[in-house]
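S.K.: Structure in structure tokens, see below.
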Amino acid sequence: MHSDVFDRYHAANSFIHRLDSRVKVVVTVAFILSNALLPDAAWTAFGLSWLFLLFANALSDLGPGFTLQRSFIVLPFALVAVTVLVSIPGEPLTTFRFIAWDLTITDAGLLRFVSIVIRSWLSVQMAILLVATTRFPDVVHALEHLRVPFILTTIIAFLYRYLFVLVDEVFRLLRAREARSAAVAGFRAGGSVAWRAGVAGNMAGQLFLRSYERSDRVYNAMLARGYTGHLNTINPHELRRVDYVTTALALFVILLFQVVGRV
Amino acid sequence: MHYAPAPLHIPDGFLNVTVSVIFWVVTIVMIGMAVSRTNKSLGEKQVPLMGIMAAFIFAAQMINFPVAGGTSGHLLGGALAAIVLGPWAGMLVMTAVIAVQGLLFQDGGLLVMGANIFNMGLLTAAIGYGLYRSVMNKPTGTKLAVAGVAAWLSVMAGALATSLQLWLSGTSNLQTVVIAMLGVHALIGLGEALITVAALSFIFRTRPDLLGEGSASAEGGRGWIIAGVIVSLIVALLSPLASAAPDGLERVAIDMGFIDAGQDAPYEIIPDYTVPFLGETPLSTILAGVIGALIVLGIMVVTGRSLQKKTS
């Protein structure tokens, strides 16, 4: 497996790609915070936030619909918000029978549900844009500059770097299990659920030992190459004037959404 | 890539700002303690080890087994990580896993990441390690049995905390979300328990030194037993209350002003408008969250102090 399987970075040389990673992390978080702060049914502000997102998307050369296609990941979670449709008091819109209960959808409940889904849908698209236009090591570097503890950023950097190695290991284990699990068509093969879980547990234990021993070899190899506890980069990570101006402008516009959403 | 989002990762937009900020503050304080503890006890060699262990948890979540009707169970790993690596290191490893899942795969949001780390990393470590630590000197069979119970309970605790956060944010109806979440996770937790026990017994058979005297696993103090038992008791008491008699819990929340705080007027969490000049502004919302979190932390610190005095 290639190391870039997990990478969500899409190489291009757009305005957004060239921005410093700190700028993108800060603006993304501000945008998500702004969505969460907007009151329910602030349609104008939601619309403006969406235009902001589209504008950023256009500046990133990823093509329209890039973030949209990947944003459906949050849809299943909307299920947990479904209950607000019927649990918030308000003008009844429609009543239907669900198994044994008569449920009434209210207008206030509908407004809340739609608002929650819009907030989540806008937020996840901005996060997708962030990792599509920023190399993950640069995101980690930005976190380091933003005062996330060094030990945590280093763990994240190692996690990212060795994930694909261990996932390869998992695929080897899964393939080995598959190879030993031949079954005659039409007959049930293997033991009970507990037995199957036990097999999976042994695989997890096996994976743990292989990872543990590999980490020893990795550390020795890194020591031999001059590792001192710091992960260095040749990327200068200097903030230019365009970075400052973009941050200020973006934060100002996001602040405007709050003003629009609250008057 | 086989990467299935788990139902415990809350995306952005589903928790309101007050709840998000409260859990960020609690999580940041706990991570800060974990960082200072691990910095003291670990050499530079341990950092790459923890990084690879984080990758291990991430990869181990892909090992699945068929349950029935096309569904499959898989590991979440919070309890296992805390038992094998020690509680503080386990917390850091789970934090890294959840951070990468949120940042890279959008599995879990950024603003709500504090809550996600709390639910899946901190609670699971406290329960998983705390209960396991209480039988540290007992025979292997007892240790495995308790580890299994702890693994199941840690998943239930995460599910309960998630439901309560969703309810406090006004996203879900209390009874529905608690019953649905706990019902689904009672099964997921069984898979978690079976895999955790099998993985631990595999390590006991092949590398007992990694779990014995002087290992990272034996390093956690006795305070973890108290923490683990207290959190488990809270889960055991709150779950039936929230699912069978939600009115009771709802009543308490209303009396304490939490419902309003959670659902539309977060500034009411501060009685008598301690910050009147801020009014209903975002700043006030965030401030209310910070103050709420500080109150929670204060209670935790005071309880911790009094417990320490009793034990020493």
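Every chain in the structure tokens takes a letter, A first, then B, and so on in the order presented; its residues are numbered from 1, and the ligands are numbered from 1 following the presented order.
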Hey, list the chain A side of the contact with chain B: 7 Å cut-off, only C-alpha atoms, answer as a tab-separated table (two decimals) with N, CA, C and O atoms, in the first residue's frame.

M.R.:
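New file selection-v6.tsv:
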```
chain	number	residue	atom	x	y	z
A	8	ARG	N	-5.61	13.13	2.23
A	8	ARG	CA	-6.75	13.80	1.65
A	8	ARG	C	-6.31	15.04	0.86
A	8	ARG	O	-7.12	15.84	0.45
A	32	ILE	N	-16.45	27.39	11.60
A	32	ILE	CA	-17.27	26.37	12.26
A	32	ILE	C	-17.89	26.93	13.54
A	32	ILE	O	-19.06	26.69	13.83
A	33	LEU	N	-17.09	27.71	14.29
A	33	LEU	CA	-17.60	28.34	15.51
A	33	LEU	C	-18.76	29.28	15.16
A	33	LEU	O	-19.79	29.30	15.83
A	36	ALA	N	-21.93	27.45	14.54
A	36	ALA	CA	-22.55	26.95	15.77
A	36	ALA	C	-23.21	28.07	16.54
A	36	ALA	O	-24.19	27.86	17.24
A	37	LEU	N	-22.67	29.30	16.41
A	37	LEU	CA	-23.22	30.43	17.16
A	37	LEU	C	-24.46	31.04	16.51
A	37	LEU	O	-25.25	31.70	17.18
A	74	VAL	N	-21.69	13.22	6.92
A	74	VAL	CA	-22.36	13.58	8.18
A	74	VAL	C	-23.85	13.23	8.15
A	74	VAL	O	-24.50	13.28	9.18
A	80	VAL	N	-29.85	11.42	14.77
A	80	VAL	CA	-30.02	11.70	16.20
A	80	VAL	C	-30.81	12.97	16.42
A	80	VAL	O	-31.32	13.20	17.51
A	81	ALA	N	-30.89	13.84	15.39
A	81	ALA	CA	-31.59	15.11	15.56
A	81	ALA	C	-33.06	14.98	15.17
A	81	ALA	O	-33.83	15.92	15.35
A	83	THR	N	-35.51	13.54	16.42
A	83	THR	CA	-36.51	13.65	17.48
A	83	THR	C	-36.95	15.09	17.73
A	83	THR	O	-38.03	15.31	18.25
A	84	VAL	N	-36.12	16.10	17.39
A	84	VAL	CA	-36.55	17.47	17.65
A	84	VAL	C	-37.75	17.84	16.79
A	84	VAL	O	-38.50	18.75	17.12
A	87	SER	N	-40.48	16.88	19.13
A	87	SER	CA	-40.43	17.10	20.58
A	87	SER	C	-40.46	18.57	20.97
A	87	SER	O	-40.61	18.90	22.13
A	116	ILE	N	-29.93	22.59	12.28
A	116	ILE	CA	-28.85	21.71	12.74
A	116	ILE	C	-28.15	21.06	11.54
A	116	ILE	O	-26.93	21.04	11.45
A	119	ARG	N	-26.00	23.68	9.64
A	119	ARG	CA	-24.76	23.99	10.38
A	119	ARG	C	-23.72	22.91	10.16
A	119	ARG	O	-22.56	23.18	9.87
A	120	SER	N	-24.18	21.66	10.33
A	120	SER	CA	-23.25	20.55	10.24
A	120	SER	C	-22.72	20.40	8.82
A	120	SER	O	-21.53	20.17	8.60
A	123	SER	N	-20.18	23.17	8.07
A	123	SER	CA	-18.95	22.99	8.84
A	123	SER	C	-18.08	21.89	8.25
A	123	SER	O	-16.86	22.05	8.10
A	124	VAL	N	-18.70	20.78	7.90
A	124	VAL	CA	-17.90	19.65	7.44
A	124	VAL	C	-17.25	19.98	6.09
A	124	VAL	O	-16.13	19.58	5.82
A	127	ALA	N	-14.09	21.91	6.70
A	127	ALA	CA	-13.04	21.01	7.20
A	127	ALA	C	-12.46	20.18	6.07
A	127	ALA	O	-11.25	19.94	6.01
A	128	ILE	N	-13.34	19.75	5.14
A	128	ILE	CA	-12.86	18.97	3.98
A	128	ILE	C	-11.94	19.83	3.13
A	128	ILE	O	-10.87	19.39	2.70
A	131	VAL	N	-8.31	20.08	4.69
A	131	VAL	CA	-7.36	18.99	4.50
A	131	VAL	C	-7.11	18.69	3.03
A	131	VAL	O	-6.13	18.05	2.70
A	151	ILE	N	4.24	17.07	22.75
A	151	ILE	CA	4.14	15.61	22.80
A	151	ILE	C	2.93	15.12	21.99
A	151	ILE	O	2.98	14.11	21.29
A	152	LEU	N	1.86	15.91	22.02
A	152	LEU	CA	0.64	15.53	21.30
A	152	LEU	C	0.83	15.65	19.78
A	152	LEU	O	0.46	14.76	19.02
A	155	ILE	N	2.96	12.80	18.62
A	155	ILE	CA	2.21	11.54	18.53
A	155	ILE	C	1.37	11.55	17.25
A	155	ILE	O	1.32	10.56	16.52
A	156	ILE	N	0.71	12.70	16.97
A	156	ILE	CA	-0.13	12.78	15.77
A	156	ILE	C	0.72	12.61	14.51
A	156	ILE	O	0.34	11.89	13.58
A	158	PHE	N	3.57	10.96	14.20
A	158	PHE	CA	3.96	9.56	14.07
A	158	PHE	C	2.78	8.70	13.65
A	158	PHE	O	2.92	7.78	12.85
A	159	LEU	N	1.61	8.99	14.24
A	159	LEU	CA	0.39	8.25	13.88
A	159	LEU	C	0.17	8.34	12.38
A	159	LEU	O	-0.07	7.33	11.71
A	162	TYR	N	2.95	6.37	10.31
A	162	TYR	CA	3.03	4.91	10.36
A	162	TYR	C	1.69	4.22	10.19
A	162	TYR	O	1.62	2.99	10.21
A	163	LEU	N	0.64	5.01	10.05
A	163	LEU	CA	-0.69	4.43	9.93
A	163	LEU	C	-0.75	3.41	8.78
A	163	LEU	O	-1.20	2.28	8.96
A	166	LEU	N	0.85	0.02	9.48
A	166	LEU	CA	0.07	-0.88	10.33
A	166	LEU	C	-1.20	-1.33	9.65
A	166	LEU	O	-1.67	-2.45	9.89
A	167	VAL	N	-1.76	-0.47	8.79
A	167	VAL	CA	-2.95	-0.89	8.05
A	167	VAL	C	-2.59	-2.02	7.09
A	167	VAL	O	-3.35	-2.97	6.92
A	170	VAL	N	-2.67	-4.99	9.10
A	170	VAL	CA	-4.06	-5.43	9.32
A	170	VAL	C	-4.56	-6.21	8.10
A	170	VAL	O	-5.18	-7.26	8.24
A	193	VAL	N	-20.54	-16.39	17.72
A	193	VAL	CA	-20.10	-14.99	17.67
A	193	VAL	C	-18.94	-14.75	18.62
A	193	VAL	O	-17.96	-14.09	18.30
A	194	ALA	N	-19.02	-15.37	19.83
A	194	ALA	CA	-17.96	-15.19	20.81
A	194	ALA	C	-16.64	-15.75	20.28
A	194	ALA	O	-15.58	-15.15	20.45
A	196	ARG	N	-15.79	-15.99	17.12
A	196	ARG	CA	-15.31	-15.07	16.07
A	196	ARG	C	-14.68	-13.83	16.69
A	196	ARG	O	-13.65	-13.34	16.24
A	197	ALA	N	-15.33	-13.31	17.77
A	197	ALA	CA	-14.77	-12.15	18.45
A	197	ALA	C	-13.41	-12.50	19.05
A	197	ALA	O	-12.49	-11.69	19.03
A	198	GLY	N	-13.28	-13.74	19.56
A	198	GLY	CA	-12.00	-14.18	20.11
A	198	GLY	C	-10.92	-14.18	19.04
A	198	GLY	O	-9.78	-13.75	19.29
A	200	ALA	N	-10.86	-12.28	16.37
A	200	ALA	CA	-10.55	-10.87	16.11
A	200	ALA	C	-9.66	-10.32	17.23
A	200	ALA	O	-8.73	-9.55	16.98
A	201	GLY	N	-9.94	-10.74	18.47
A	201	GLY	CA	-9.13	-10.28	19.61
A	201	GLY	C	-7.70	-10.76	19.51
A	201	GLY	O	-6.76	-10.01	19.76
A	202	ASN	N	-7.53	-12.03	19.12
A	202	ASN	CA	-6.17	-12.53	18.93
A	202	ASN	C	-5.44	-11.76	17.85
A	202	ASN	O	-4.25	-11.49	17.95
A	204	ALA	N	-5.99	-8.64	17.13
A	204	ALA	CA	-5.64	-7.34	17.70
A	204	ALA	C	-4.40	-7.47	18.58
A	204	ALA	O	-3.51	-6.62	18.55
A	205	GLY	N	-4.34	-8.57	19.37
A	205	GLY	CA	-3.17	-8.80	20.22
A	205	GLY	C	-1.92	-8.98	19.39
A	205	GLY	O	-0.86	-8.41	19.68
A	208	PHE	N	-0.86	-5.74	18.06
A	208	PHE	CA	-0.23	-4.94	19.11
A	208	PHE	C	1.25	-5.30	19.24
A	208	PHE	O	2.11	-4.44	19.26
A	211	SER	N	3.26	-4.11	16.30
A	211	SER	CA	3.45	-2.66	16.32
A	211	SER	C	4.49	-2.30	17.37
A	211	SER	O	5.36	-1.45	17.14
A	215	SER	N	7.97	-0.47	16.65
A	215	SER	CA	8.29	0.87	17.15
A	215	SER	C	9.72	0.91	17.68
A	215	SER	O	10.40	1.93	17.56
A	219	TYR	N	12.46	3.43	16.14
A	219	TYR	CA	13.20	4.37	16.98
A	219	TYR	C	14.71	4.24	16.75
A	219	TYR	O	15.41	5.24	16.59
A	229	GLY	N	14.47	14.12	18.85
A	229	GLY	CA	13.22	14.37	19.53
A	229	GLY	C	12.38	15.40	18.80
A	229	GLY	O	11.23	15.63	19.14
```

S.K.: According to DSSP computed on the backbone, where in region 18-261 of chain B is there helix (DSSP H, G or I)? Give the residues as a PyMOL selection string.

M.R.: chain B and resi 18-41+46-60+78-85+87-105+113-133+140-168+174-206+208-210+216-218+223-244+246-256+258-261

S.K.: Could you tell me how far CA of Leu168 (chain B) lies from CA of Val26 (chain A), in Å and to one decimal?

M.R.: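 CA of Val26 (chain A) lies at a distance of 27.0 Å from CA of Leu168 (chain B).
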
S.K.: Report, in Å to a single decimal, how far apart CA of Val178 (chain B) and CA of Thr162 (chain B) are.

M.R.: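 Computing the Euclidean distance for CA of Thr162 (chain B) and CA of Val178 (chain B) yields 8.8 Å.
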
S.K.: So how far away is CA of Leu79 (chain A) from CA of Ile118 (chain A), in Å?

M.R.: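 Atom-to-atom, CA of Ile118 (chain A) to CA of Leu79 (chain A), that is 13.8 Å.
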
S.K.: I'd like to know which residues of region 7-236 of chain A are strand (DSSP E or B) (by DSSP, run on the backbone); could you write them as a list in words?

M.R.: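 For region 7-236 of chain A, the strand (DSSP E or B) set is Pro92, Leu93, Thr94, Thr95, Phe96, Arg97, Phe98, Trp101, Asp102, Leu103, Thr104, Ile105 and Thr106 of chain A.
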
S.K.: Write the selection just made, keeping N, CA, C and O atoms, as a compact mmCIF listing (two decimals), in the first residue's frame?

M.R.:
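File result_36.txt, as written:
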```txt
# COMPACT_ATOMS: atom_id res chain seq x y z
N PRO A 92 -48.56 22.79 14.99
CA PRO A 92 -48.47 21.49 14.34
C PRO A 92 -48.53 21.63 12.81
O PRO A 92 -49.31 22.44 12.30
N LEU A 93 -47.69 20.92 12.10
CA LEU A 93 -47.70 20.95 10.64
C LEU A 93 -48.40 19.73 10.09
O LEU A 93 -49.28 19.82 9.26
N THR A 94 -47.98 18.57 10.57
CA THR A 94 -48.59 17.33 10.10
C THR A 94 -48.47 16.27 11.18
O THR A 94 -47.55 16.31 11.98
N THR A 95 -49.42 15.36 11.21
CA THR A 95 -49.40 14.29 12.19
C THR A 95 -49.36 12.96 11.44
O THR A 95 -50.02 12.81 10.41
N PHE A 96 -48.52 12.05 11.93
CA PHE A 96 -48.50 10.74 11.29
C PHE A 96 -48.37 9.67 12.36
O PHE A 96 -48.06 9.96 13.51
N ARG A 97 -48.64 8.44 11.96
CA ARG A 97 -48.59 7.33 12.89
C ARG A 97 -47.31 6.56 12.68
O ARG A 97 -47.00 6.14 11.58
N PHE A 98 -46.49 6.41 13.74
CA PHE A 98 -45.25 5.66 13.65
C PHE A 98 -45.32 4.49 14.62
O PHE A 98 -45.30 4.68 15.83
N TRP A 101 -47.12 5.16 18.01
CA TRP A 101 -47.27 6.53 18.51
C TRP A 101 -47.85 7.45 17.43
O TRP A 101 -47.55 7.30 16.24
N ASP A 102 -48.64 8.41 17.86
CA ASP A 102 -49.06 9.48 16.96
C ASP A 102 -48.08 10.63 17.13
O ASP A 102 -47.96 11.19 18.22
N LEU A 103 -47.36 10.95 16.08
CA LEU A 103 -46.33 11.99 16.19
C LEU A 103 -46.75 13.22 15.39
O LEU A 103 -47.27 13.10 14.29
N THR A 104 -46.53 14.38 15.99
CA THR A 104 -46.88 15.62 15.31
C THR A 104 -45.61 16.43 15.04
O THR A 104 -44.87 16.74 15.97
N ILE A 105 -45.38 16.72 13.77
CA ILE A 105 -44.23 17.56 13.42
C ILE A 105 -44.64 19.02 13.60
O ILE A 105 -45.66 19.45 13.07
N THR A 106 -43.84 19.79 14.36
CA THR A 106 -44.19 21.19 14.58
C THR A 106 -43.30 22.09 13.74
O THR A 106 -42.23 21.68 13.29
```

S.K.: Out of A:Tyr227, A:Trp43, A:Tyr212, A:Tyr244, which residue has the shortest atom-to-atom distance to Leu111 (chain A) when counting only C-alpha atoms?

M.R.: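 Comparing A:Tyr227, A:Trp43, A:Tyr212, A:Tyr244 against Leu111 (chain A), the winner is A:Trp43.
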
S.K.: Give me the residues near Leu173 (chain A) as a PyMOL selection string, where near means some atom within 9 Å (using only C-alpha atoms) and where sequence neighbours in that chain fewer than 2 positions away do not count.

M.R.: (chain A and resi 168-171+175-178+203+206-207) or (chain B and resi 63)

S.K.: Applying 8 Å and only C-alpha atoms, which residues near Ser34 (chain A) remain after dropping the ones on its own chain fewer than 5 positions away? List them as a ChimeraX atom specification.

M.R.: /A:254-255,257-258

S.K.: Please save C-alpha atoms of the selected residues as a PDB file, in the first residue's frame.

M.R.:
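What landed in selection.pdb:
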```
ATOM      1  CA  ILE A 254     -17.242  35.788   9.470  1.00  0.00           C
ATOM      2  CA  LEU A 255     -17.950  38.397  12.150  1.00  0.00           C
ATOM      3  CA  PHE A 257     -22.308  36.797   9.417  1.00  0.00           C
ATOM      4  CA  GLN A 258     -22.876  36.964  13.158  1.00  0.00           C
TER       5      GLN A 258
END
```
